[in-house]
Every structure is written in structure tokens, then in C-alpha cells.
$ cat structure-v9.pdb   # PDB, C-alpha atoms and all ligand atoms
ATOM      1  CA  MET O   1       1.590  -8.451 -29.292
ATOM      2  CA  SER O   2       1.297  -7.770 -25.556
ATOM      3  CA  THR O   3       4.417  -8.551 -23.574
ATOM      4  CA  HIS O   4       2.572  -8.263 -20.283
ATOM      5  CA  PRO O   5       3.271 -11.231 -17.992
ATOM      6  CA  ASP O   6       0.501 -13.828 -17.805
ATOM      7  CA  GLU O   7      -2.515 -12.125 -16.205
ATOM      8  CA  THR O   8      -3.484 -15.270 -14.317
ATOM      9  CA  LYS O   9      -0.160 -16.337 -12.763
ATOM     10  CA  LYS O  10       1.513 -14.942  -9.653
ATOM     11  CA  LEU O  11       3.825 -12.133 -10.715
ATOM     12  CA  LEU O  12       7.464 -12.851  -9.897
ATOM     13  CA  ILE O  13      10.402 -10.511  -9.356
ATOM     14  CA  ALA O  14      11.859 -11.894 -12.603
ATOM     15  CA  ASP O  15       8.713 -10.609 -14.368
ATOM     16  CA  LEU O  16       9.297  -7.113 -12.932
ATOM     17  CA  TRP O  17      12.908  -7.153 -14.149
ATOM     18  CA  LYS O  18      11.687  -8.295 -17.571
ATOM     19  CA  MET O  19       9.181  -5.441 -17.650
ATOM     20  CA  LYS O  20      11.989  -2.920 -17.037
ATOM     21  CA  ALA O  21      14.145  -4.550 -19.728
ATOM     22  CA  GLN O  22      11.241  -4.384 -22.202
ATOM     23  CA  GLY O  23      10.280  -0.808 -21.291
ATOM     24  CA  GLN O  24       6.885  -1.897 -20.025
ATOM     25  CA  LYS O  25       5.569   0.264 -17.166
ATOM     26  CA  ILE O  26       5.067  -1.326 -13.746
ATOM     27  CA  THR O  27       1.923  -0.458 -11.758
ATOM     28  CA  MET O  28       1.917  -0.438  -7.960
ATOM     29  CA  ILE O  29      -0.647   0.662  -5.389
ATOM     30  CA  THR O  30      -1.126   0.408  -1.642
ATOM     31  CA  ALA O  31      -3.808  -1.712   0.032
ATOM     32  CA  TYR O  32      -4.482  -2.409   3.702
ATOM     33  CA  SER O  33      -7.436  -4.817   3.877
ATOM     34  CA  TYR O  34      -8.885  -7.983   2.326
ATOM     35  CA  PRO O  35     -11.478  -6.182   0.120
ATOM     36  CA  GLN O  36      -8.886  -3.647  -1.043
ATOM     37  CA  GLY O  37      -6.571  -6.548  -1.921
ATOM     38  CA  LEU O  38      -9.354  -8.189  -3.944
ATOM     39  CA  ILE O  39     -10.161  -4.970  -5.824
ATOM     40  CA  VAL O  40      -6.621  -3.892  -6.743
ATOM     41  CA  ASP O  41      -5.724  -7.430  -7.817
ATOM     42  CA  GLU O  42      -8.839  -7.706  -9.991
ATOM     43  CA  ALA O  43      -7.908  -4.323 -11.525
ATOM     44  CA  GLY O  44      -4.679  -5.936 -12.770
ATOM     45  CA  ILE O  45      -2.147  -4.064 -10.616
ATOM     46  CA  ASP O  46       1.379  -5.557 -10.689
ATOM     47  CA  ILE O  47       2.558  -4.791  -7.137
ATOM     48  CA  VAL O  48       0.477  -4.269  -3.992
ATOM     49  CA  LEU O  49       2.250  -2.454  -1.182
ATOM     50  CA  VAL O  50       0.899  -2.887   2.328
ATOM     51  CA  GLY O  51       2.434   0.481   3.147
ATOM     52  CA  ASP O  52       2.972   1.969   6.558
ATOM     53  CA  SER O  53       0.853   4.834   5.160
ATOM     54  CA  LEU O  54      -1.686   2.503   6.829
ATOM     55  CA  GLY O  55      -1.046   4.575   9.956
ATOM     56  CA  MET O  56      -2.289   7.784   8.354
ATOM     57  CA  VAL O  57      -5.036   6.686   5.976
ATOM     58  CA  GLU O  58      -6.589   3.809   7.965
ATOM     59  CA  LEU O  59      -5.523   4.206  11.600
ATOM     60  CA  GLY O  60      -5.745   7.995  11.978
ATOM     61  CA  TYR O  61      -2.174   8.703  13.137
ATOM     62  CA  GLN O  62      -0.609  12.053  12.201
ATOM     63  CA  ASP O  63       2.264  10.326  10.359
ATOM     64  CA  THR O  64       3.785   6.875   9.830
ATOM     65  CA  VAL O  65       6.124   6.948  12.856
ATOM     66  CA  PRO O  66       3.762   5.256  15.404
ATOM     67  CA  VAL O  67       2.932   2.259  13.185
ATOM     68  CA  THR O  68       3.867  -1.060  14.837
ATOM     69  CA  MET O  69       4.911  -4.479  13.555
ATOM     70  CA  GLU O  70       1.680  -5.938  15.004
ATOM     71  CA  GLU O  71      -0.405  -3.521  12.902
ATOM     72  CA  MET O  72       1.654  -4.184   9.772
ATOM     73  CA  LEU O  73       1.432  -7.943  10.288
ATOM     74  CA  MET O  74      -2.344  -7.981  10.711
ATOM     75  CA  HIS O  75      -2.966  -5.821   7.640
ATOM     76  CA  THR O  76      -0.393  -7.677   5.520
ATOM     77  CA  LYS O  77      -2.156 -10.972   6.270
ATOM     78  CA  ALA O  78      -5.531  -9.473   5.303
ATOM     79  CA  VAL O  79      -4.248  -8.119   1.969
ATOM     80  CA  VAL O  80      -2.435 -11.367   1.142
ATOM     81  CA  ARG O  81      -5.750 -13.235   1.568
ATOM     82  CA  GLY O  82      -7.309 -11.007  -1.123
ATOM     83  CA  VAL O  83      -4.510 -11.054  -3.717
ATOM     84  CA  ASN O  84      -3.852 -13.861  -6.201
ATOM     85  CA  ARG O  85      -1.722 -12.454  -9.011
ATOM     86  CA  ALA O  86       0.045  -9.299  -7.829
ATOM     87  CA  HIS O  87       3.356  -9.277  -5.969
ATOM     88  CA  VAL O  88       2.653  -8.229  -2.341
ATOM     89  CA  VAL O  89       5.215  -6.073  -0.514
ATOM     90  CA  GLY O  90       5.073  -5.737   3.279
ATOM     91  CA  ASP O  91       6.425  -2.425   4.603
ATOM     92  CA  LEU O  92       8.752  -2.526   7.616
ATOM     93  CA  PRO O  93       7.566   0.182  10.043
ATOM     94  CA  PHE O  94       9.833   2.733  11.726
ATOM     95  CA  MET O  95      12.110   1.225  14.396
ATOM     96  CA  SER O  96      11.423  -2.337  13.263
ATOM     97  CA  TYR O  97      14.735  -2.403  11.313
ATOM     98  CA  ASN O  98      16.658   0.694  12.367
ATOM     99  CA  ILE O  99      18.331  -0.703  15.490
ATOM    100  CA  SER O 100      20.422  -3.609  14.224
ATOM    101  CA  VAL O 101      20.930  -6.018  11.350
ATOM    102  CA  GLU O 102      19.556  -8.815  13.526
ATOM    103  CA  GLN O 103      16.380  -6.843  14.303
ATOM    104  CA  ALA O 104      15.932  -6.047  10.597
ATOM    105  CA  VAL O 105      16.234  -9.699   9.540
ATOM    106  CA  THR O 106      13.925 -10.873  12.349
ATOM    107  CA  ASN O 107      11.146  -8.432  11.465
ATOM    108  CA  ALA O 108      11.531  -8.946   7.719
ATOM    109  CA  GLY O 109      11.124 -12.653   8.470
ATOM    110  CA  ILE O 110       7.888 -11.993  10.380
ATOM    111  CA  LEU O 111       6.248 -10.079   7.492
ATOM    112  CA  TYR O 112       7.503 -12.659   4.979
ATOM    113  CA  LYS O 113       6.922 -15.904   6.847
ATOM    114  CA  GLU O 114       3.935 -15.128   9.102
ATOM    115  CA  GLY O 115       2.441 -12.301   7.032
ATOM    116  CA  GLY O 116       2.758 -14.065   3.685
ATOM    117  CA  ALA O 117       4.257 -11.030   1.889
ATOM    118  CA  ASP O 118       6.293 -11.805  -1.236
ATOM    119  CA  SER O 119       8.965  -9.273  -0.230
ATOM    120  CA  VAL O 120       9.572  -6.457   2.258
ATOM    121  CA  LYS O 121      10.332  -2.747   1.876
ATOM    122  CA  LEU O 122      12.432  -0.458   4.029
ATOM    123  CA  GLU O 123      13.363   3.221   3.812
ATOM    124  CA  GLY O 124      16.864   4.663   3.534
ATOM    125  CA  GLY O 125      19.993   4.729   1.365
ATOM    126  CA  ARG O 126      23.618   3.670   1.901
ATOM    127  CA  GLU O 127      23.159   3.592   5.688
ATOM    128  CA  MET O 128      20.682   0.718   5.220
ATOM    129  CA  ALA O 129      22.864  -1.309   2.822
ATOM    130  CA  ASP O 130      24.046  -3.726   5.548
ATOM    131  CA  LYS O 131      20.437  -4.451   6.533
ATOM    132  CA  VAL O 132      19.285  -4.894   2.939
ATOM    133  CA  ALA O 133      22.195  -7.269   2.307
ATOM    134  CA  ALA O 134      21.466  -9.321   5.435
ATOM    135  CA  ILE O 135      17.722  -9.629   4.694
ATOM    136  CA  HIS O 136      18.551 -10.569   1.098
ATOM    137  CA  ARG O 137      21.090 -13.168   2.324
ATOM    138  CA  ALA O 138      18.395 -14.606   4.602
ATOM    139  CA  GLY O 139      16.364 -15.303   1.441
ATOM    140  CA  ILE O 140      13.885 -12.429   1.580
ATOM    141  CA  PRO O 141      13.643 -10.006  -1.373
ATOM    142  CA  VAL O 142      13.957  -6.323  -0.401
ATOM    143  CA  PHE O 143      12.400  -3.257  -2.036
ATOM    144  CA  GLY O 144      14.391  -0.061  -1.308
ATOM    145  CA  HIS O 145      12.910   3.424  -0.813
ATOM    146  CA  ILE O 146      14.895   6.661  -1.265
ATOM    147  CA  GLY O 147      14.244  10.358  -1.838
ATOM    148  CA  LEU O 148      11.615  11.552   0.607
ATOM    149  CA  THR O 149      11.514   8.867   3.294
ATOM    150  CA  PRO O 150       8.446   9.674   5.442
ATOM    151  CA  GLN O 151       9.627   7.732   8.527
ATOM    152  CA  THR O 152      12.639  10.066   8.838
ATOM    153  CA  ALA O 153      11.082  13.208   7.325
ATOM    154  CA  ALA O 154      12.106  15.165  10.438
ATOM    155  CA  LEU O 155      15.749  14.819   9.348
ATOM    156  CA  LEU O 156      14.919  15.916   5.788
ATOM    157  CA  GLY O 157      13.327  19.247   6.680
ATOM    158  CA  GLY O 158       9.782  17.844   6.553
ATOM    159  CA  PHE O 159       7.720  16.468   3.686
ATOM    160  CA  LYS O 160       9.456  18.201   0.793
ATOM    161  CA  VAL O 161      11.074  17.399  -2.516
ATOM    162  CA  GLN O 162      14.557  15.884  -2.118
ATOM    163  CA  GLY O 163      17.662  15.884  -4.311
ATOM    164  CA  LYS O 164      17.337  19.342  -5.838
ATOM    165  CA  SER O 165      20.977  20.450  -5.420
ATOM    166  CA  SER O 166      23.741  18.630  -7.283
ATOM    167  CA  ASP O 167      25.211  17.432  -3.935
ATOM    168  CA  ASP O 168      21.873  15.983  -2.807
ATOM    169  CA  ALA O 169      21.206  14.521  -6.252
ATOM    170  CA  LYS O 170      24.648  12.862  -6.305
ATOM    171  CA  ARG O 171      23.935  11.379  -2.854
ATOM    172  CA  ALA O 172      20.619   9.992  -4.133
ATOM    173  CA  VAL O 173      22.364   8.317  -7.105
ATOM    174  CA  ASP O 174      24.976   6.828  -4.725
ATOM    175  CA  ASP O 175      22.181   5.605  -2.435
ATOM    176  CA  ALA O 176      20.428   3.900  -5.341
ATOM    177  CA  LEU O 177      23.631   2.177  -6.464
ATOM    178  CA  ALA O 178      24.464   1.106  -2.891
ATOM    179  CA  LEU O 179      21.016  -0.450  -2.424
ATOM    180  CA  GLU O 180      21.269  -2.250  -5.761
ATOM    181  CA  ASP O 181      24.724  -3.575  -4.774
ATOM    182  CA  ALA O 182      23.321  -4.721  -1.426
ATOM    183  CA  GLY O 183      20.717  -6.833  -3.252
ATOM    184  CA  ALA O 184      17.568  -4.669  -3.403
ATOM    185  CA  TYR O 185      15.405  -5.919  -6.289
ATOM    186  CA  ALA O 186      13.586  -2.608  -6.905
ATOM    187  CA  LEU O 187      13.500   0.979  -5.639
ATOM    188  CA  ILE O 188      10.820   3.485  -4.711
ATOM    189  CA  LEU O 189      11.838   7.028  -5.716
ATOM    190  CA  GLU O 190       9.699   9.422  -3.682
ATOM    191  CA  ALA O 191       9.388  13.173  -4.284
ATOM    192  CA  ILE O 192      12.512  13.845  -6.328
ATOM    193  CA  PRO O 193      12.916  15.884  -9.548
ATOM    194  CA  GLN O 194      12.039  13.843 -12.629
ATOM    195  CA  GLN O 195      15.485  14.477 -14.181
ATOM    196  CA  LEU O 196      17.153  12.893 -11.137
ATOM    197  CA  ALA O 197      14.715   9.952 -11.295
ATOM    198  CA  GLN O 198      15.666   9.539 -14.962
ATOM    199  CA  VAL O 199      19.395   9.448 -14.139
ATOM    200  CA  ILE O 200      18.826   6.868 -11.376
ATOM    201  CA  THR O 201      16.516   4.775 -13.570
ATOM    202  CA  GLU O 202      19.148   4.685 -16.325
ATOM    203  CA  ARG O 203      22.018   3.889 -13.925
ATOM    204  CA  VAL O 204      20.462   0.994 -11.984
ATOM    205  CA  SER O 205      19.503  -2.297 -13.554
ATOM    206  CA  ILE O 206      16.643  -2.878 -11.089
ATOM    207  CA  PRO O 207      13.187  -1.278 -11.622
ATOM    208  CA  THR O 208      12.449   2.154 -10.145
ATOM    209  CA  VAL O 209       8.899   2.955  -9.091
ATOM    210  CA  GLY O 210       8.097   6.625  -8.622
ATOM    211  CA  ILE O 211       5.736   8.445  -6.295
ATOM    212  CA  GLY O 212       6.386  12.057  -7.179
ATOM    213  CA  GLY O 213       9.363  10.855  -9.223
ATOM    214  CA  GLY O 214       8.023  11.750 -12.662
ATOM    215  CA  VAL O 215       7.418   9.888 -15.867
ATOM    216  CA  TYR O 216      10.899   8.412 -16.452
ATOM    217  CA  CYS O 217      10.622   5.876 -13.617
ATOM    218  CA  ASP O 218      10.023   2.255 -14.637
ATOM    219  CA  GLY O 219       6.694   2.309 -12.807
ATOM    220  CA  GLN O 220       4.362   4.401 -10.670
ATOM    221  CA  VAL O 221       2.861   3.936  -7.215
ATOM    222  CA  LEU O 222       0.104   5.835  -5.416
ATOM    223  CA  VAL O 223      -1.554   5.495  -2.033
ATOM    224  CA  LEU O 224      -4.975   3.914  -2.680
ATOM    225  CA  HIS O 225      -6.853   6.395  -0.474
ATOM    226  CA  ASP O 226      -5.302   9.370  -2.339
ATOM    227  CA  LEU O 227      -6.299   7.933  -5.727
ATOM    228  CA  LEU O 228      -9.845   7.172  -4.519
ATOM    229  CA  GLY O 229     -10.370  10.531  -2.804
ATOM    230  CA  LEU O 230     -10.777   8.858   0.596
ATOM    231  CA  PHE O 231      -8.079  10.771   2.485
ATOM    232  CA  LYS O 232      -8.998  14.428   2.864
ATOM    233  CA  ARG O 233      -6.354  15.753   5.304
ATOM    234  CA  PHE O 234      -4.014  16.771   2.474
ATOM    235  CA  THR O 235      -3.277  15.785  -1.122
ATOM    236  CA  PRO O 236       0.344  15.923  -2.306
ATOM    237  CA  LYS O 237       1.060  17.584  -5.701
ATOM    238  CA  PHE O 238       2.072  14.220  -7.221
ATOM    239  CA  VAL O 239      -1.332  12.602  -6.621
ATOM    240  CA  LYS O 240      -3.946  12.215  -9.335
ATOM    241  CA  VAL O 241      -7.370  11.815  -7.711
ATOM    242  CA  TYR O 242      -9.510   9.401  -9.762
ATOM    243  CA  ALA O 243     -12.688   9.324  -7.643
ATOM    244  CA  ASP O 244     -14.410  11.043  -4.732
ATOM    245  CA  LEU O 245     -15.218   8.064  -2.551
ATOM    246  CA  TYR O 246     -15.207  10.159   0.638
ATOM    247  CA  THR O 247     -18.277  12.003  -0.655
ATOM    248  CA  ALA O 248     -19.786   8.787  -2.047
ATOM    249  CA  HIS O 249     -19.418   7.092   1.395
ATOM    250  CA  LEU O 250     -20.734  10.174   3.182
ATOM    251  CA  ASN O 251     -23.812  10.442   0.970
ATOM    252  CA  ALA O 252     -24.596   6.728   1.247
ATOM    253  CA  VAL O 253     -24.455   6.788   5.066
ATOM    254  CA  LYS O 254     -26.510  10.025   5.193
ATOM    255  CA  GLU O 255     -29.149   8.387   2.997
ATOM    256  CA  PHE O 256     -29.266   5.390   5.349
ATOM    257  CA  VAL O 257     -29.689   7.695   8.370
ATOM    258  CA  ASP O 258     -32.569   9.482   6.581
ATOM    259  CA  ASP O 259     -34.194   6.199   5.482
ATOM    260  CA  VAL O 260     -34.191   4.797   9.024
ATOM    261  CA  ARG O 261     -35.553   8.012  10.482
ATOM    262  CA  ASN O 262     -38.259   8.226   7.776
ATOM    263  CA  GLU O 263     -39.075   4.499   8.095
ATOM    264  CA  THR O 264     -38.375   3.915   4.389
ATOM    265  CA  PHE O 265     -35.785   1.324   5.426
ATOM    266  CA  PRO O 266     -36.190  -1.570   5.922
ATOM    267  CA  ALA O 267     -38.693  -2.051   3.073
ATOM    268  CA  PRO O 268     -40.667  -5.326   2.656
ATOM    269  CA  GLU O 269     -37.908  -6.768   0.444
ATOM    270  CA  HIS O 270     -35.425  -6.418   3.316
ATOM    271  CA  SER O 271     -37.726  -8.070   5.882
ATOM    272  CA  PHE O 272     -38.722 -11.639   6.832
ATOM    273  CA  THR O 273     -42.354 -12.706   7.425
ATOM    274  CA  MET O 274     -44.218 -15.547   9.049
ATOM    275  CA  LYS O 275     -47.705 -16.895   8.419
ATOM    276  CA  ALA O 276     -50.575 -14.854   9.925
ATOM    277  CA  GLU O 277     -51.926 -17.917  11.788
ATOM    278  CA  VAL O 278     -48.541 -18.414  13.473
ATOM    279  CA  VAL O 279     -48.601 -14.791  14.642
ATOM    280  CA  GLU O 280     -52.149 -15.313  16.016
ATOM    281  CA  GLU O 281     -51.155 -18.476  17.795
ATOM    282  CA  LEU O 282     -48.117 -16.766  19.338
ATOM    283  CA  LYS O 283     -50.247 -13.873  20.622
ATOM    284  CA  LYS O 284     -52.793 -16.314  22.111
ATOM    285  CA  ARG O 285     -50.093 -18.275  23.878
ATOM    286  CA  LEU O 286     -48.607 -15.091  25.309
ATOM    287  CA  GLU O 287     -52.036 -14.113  26.727
ATOM    288  CA  GLU O 288     -52.485 -17.441  28.527
TER     289      GLU O 288
HETATM  290  O1  LIG D 301       3.737   3.488   2.943
HETATM  291  C1  LIG D 301       3.538   3.818   1.770
HETATM  292  O2  LIG D 301       2.402   3.945   1.310
HETATM  293  C2  LIG D 301       4.696   4.057   0.911
HETATM  294  C3  LIG D 301       4.424   4.678  -0.418
HETATM  295  C4  LIG D 301       4.327   6.136  -0.250
HETATM  296  C5  LIG D 301       5.447   4.293  -1.423
HETATM  297  O3  LIG D 301       5.798   3.834   1.310
END

$ encode --input "structure-v9.pdb" --output "C-alpha cells"
Amino acid sequence: MSTHPDETKKLLIADLWKMKAQGQKITMITAYSYPQGLIVDEAGIDIVLVGDSLGMVELGYQDTVPVTMEEMLMHTKAVVRGVNRAHVVGDLPFMSYNISVEQAVTNAGILYKEGGADSVKLEGGREMADKVAAIHRAGIPVFGHIGLTPQTAALLGGFKVQGKSSDDAKRAVDDALALEDAGAYALILEAIPQQLAQVITERVSIPTVGIGGGVYCDGQVLVLHDLLGLFKRFTPKFVKVYADLYTAHLNAVKEFVDDVRNETFPAPEHSFTMKAEVVEELKKRLEE
């Protein structure tokens, strides 16, 4: 018998905890727009992340650092309008929570209250525990994110696998435990060895969702544009590409350009007509 939570009801954090307890894998994907929200929800995804990867895959920035609260808010609202069942997470962009506890709670409140997200996510380990605790105390669920944290990749030696030495791995376990203690309800584990992800997953009681974290995580997340083959600048090792929508889009638009130039579009079925006598009458009136 399937233990999957009711496919028609809004998925709650309690359902995610139950899935971990029952060993049922959690699925998570990013989305940034209303149609993407509709599609991923209809596909049965459990968690939709309005990630700050928005900046790279939709807005054309080099990395996630320039993304603003205004951009996150607009895209969170659009996704929320498309999603019925999945749990929607709004990502706090760089410098929207790093300055003070008060700033973190204020901006979490904006994505939650104005944006309609079901929870918020922020990057960082022990150093973020006070912010996670304060947002949680304010009544807003928080998703943690450790391992490779793209907003602060400059401090981590760039976009590379984290936690490979026993010192770094120990720090990652301590970070996970500190975030759980602070009230985080789930954790992203990004770009860490799968053995470390396994240790963390076994040690915390909250679900872990991996992106480059290997098979032992409680769930998996990918960036939608990576999965669909829409983002061509680079493809990390941990991505499985399920479609080539960049080429599909390109070919469709090229065909349209050709059709217009060859006058094969619009065809009669795309056009409106009026009675011949009305055309005649119009011409006569214009000659008068
Ligand atoms: O912004 C994002 O898409 C993310 C995922 C990589 C987890 O944080």
C-alpha cells in the first residue's frame, strides 16, 4: 500500500517528517514562474523551491549574489499562484538575512506573508543558528542549507565539493546539528561526499535533501533548468539532464521565423475573415 501523503491535499511539514520516518524519498525542484509552478505541481513534486538560482537561470546574472528581495518576492508570488499541493519554499537572497537577526526575521516575513511561501530557506551553518531560531520563533518554518553554499562560494574556494577532510566533515555534522537545534525543519546538503551526507542524514531527525549529496539523503533536489536542459552555461556533475528544451525552444522559434518569411504562417486557420460584400462596401466608402 502506498504511504505517500494524499496527492490532492497541501503537503505539510509534518508529512515531510513522516516521509523521512517511513523511508519514503522526498522530491524537490526549483521553479520561478506561474507556468513552471503549475507543471511541477501537476508532476507530483513534494517541495517547490523558488531558489535564488533564479538569478542565474532566469535573470542572466553570473551567480546568485546580485539577486534582490524584490526579485525573489515577485517570482515567489508567481510560483505560489501555480502550486496547489506542493510545499513552496521561498529562498532568502544574499544580504537579506546576513546583517542582523532583525533583518532576517523581517525579510523572512516578507516572503512568507506577502509572497505566500510556506517556509523560507537560508544558507549557512552554526553562524546562522541565531537567525534560524528567531525566524522559527516568529512562526515561520526555516529550511537550512549547508555544504556548498553558493551565496558565499568565494569563502569556500569556489564552486567545489565541501567536507572532504575529516575536519571539514566534522564541521558539517556540527552545522547540521546546530541548525536542527535552532529549529530548522529540513536541510539541503549541497555538493558533499555521499558518506558524509549519510552520516548527517542518520544523525539529524529532520529530512535532508541532497543536491550533489548522493543517494543516502532523505530526498533529492535539482534546478529545473538543469533537469530540462534549458541552462547551457555549465552543467554540474550531480545533474541528470532529462530533456533538451533549449534545442526544442530554439528549433520552434527558428521554424516560426522561417514560416513568417516564407508566408506559410499565418495559414487560413489562424486568420479571421469577413464577408466579401462587406469588403466591397468598405472599399467603396474609402473611394468616396
Ligand atoms: O537556489 C537554488 O536553486 C538552491 C538549490 C541549489 C538547492 O538553493

$ residues_near_ligand --input "structure-v9.pdb" --ligand "ligand LIG 301 (chain D)" --cutoff "6 Å" --atoms "only C-alpha atoms and all ligand atoms" --output "list in words"
Thr30, Gly51, Asp52, Ser53 and Val223 of chain O

$ residues_near_point --input "structure-v9.pdb" --point "(-3.6, 5.0, 0.1)" --cutoff "8 Å" --atoms "all atoms listed in the file" --output "MDAnalysis selection string"
chainID O and resid 29:31 53:54 57 222:227 231

$ atom_distance --input "structure-v9.pdb" --atom1 "CA of Met95 (chain O)" --atom2 "CA of Leu187 (chain O)"
20.1 Å

$ residues_around --input "structure-v9.pdb" --residues "Asp244 (chain O)" --least-positions-apart "6" --cutoff "7 Å" --atoms "only C-alpha atoms" --output "PyMOL selection string"
chain O and resi 228-230

$ write_last_selection --input "structure-v9.pdb" --atoms "C-alpha atoms" --output "PDB file, in the coordinates of the input"
ATOM      1  CA  LEU O 228      -9.845   7.172  -4.519  1.00  0.00           C
ATOM      2  CA  GLY O 229     -10.370  10.531  -2.804  1.00  0.00           C
ATOM      3  CA  LEU O 230     -10.777   8.858   0.596  1.00  0.00           C
TER       4      LEU O 230
END

$ residues_around --input "structure-v9.pdb" --residues "region 89-94 of chain O" --least-positions-apart "5" --cutoff "10 Å" --atoms "all atoms listed in the file" --output "MDAnalysis selection string"
chainID O and resid 28 30 47:55 64:73 75:77 79:80 99 104 107:108 110:112 115:123 141:143 150:152

$ closest_residue --input "structure-v9.pdb" --among "O:Ile39, O:Val278, O:Lys237, O:Ala197" --to "Asp218 (chain O)" --atoms "all atoms listed in the file"
O:Ala197

$ residues_around --input "structure-v9.pdb" --residues "region 157-159 of chain O" --least-positions-apart "6" --cutoff "9 Å" --atoms "all atoms listed in the file" --output "PyMOL selection string"
chain O and resi 148-150+191

$ residues_around --input "structure-v9.pdb" --residues "Ile211 (chain O)" --least-positions-apart "2" --cutoff "8 Å" --atoms "only C-alpha atoms" --output "VMD selection string"
chain O and resid 188 to 191 209 213 to 214 220 to 222 238

$ atom_distance --input "structure-v9.pdb" --atom1 "CA of Ala178 (chain O)" --atom2 "CA of Gln198 (chain O)"
17.2 Å

$ atom_distance --input "structure-v9.pdb" --atom1 "CA of Pro207 (chain O)" --atom2 "CA of Gly147 (chain O)"
15.2 Å

$ closest_residue --input "structure-v9.pdb" --among "O:Met74, O:Ile200, O:Val88, O:Leu282" --to "Ala172 (chain O)" --atoms "all atoms listed in the file"
O:Ile200

$ axis_aligned_box --input "structure-v9.pdb" --around "region 65-72 of chain O" --padding-each-side "6 Å" --output "AutoDock Vina command-line options"
--center_x 2.9 --center_y 0.5 --center_z 12.6 --size_x 18.5 --size_y 24.9 --size_z 17.6

$ residues_around --input "structure-v9.pdb" --residues "Gly37 (chain O)" --least-positions-apart "3" --cutoff "7 Å" --atoms "only C-alpha atoms" --output "VMD selection string"
chain O and resid 31 33 to 34 40 to 41 79 82 to 83

$ closest_residue --input "structure-v9.pdb" --among "O:Met19, O:Val161, O:Val105, O:Leu250" --to "Gly139 (chain O)" --atoms "all atoms listed in the file"
O:Val105
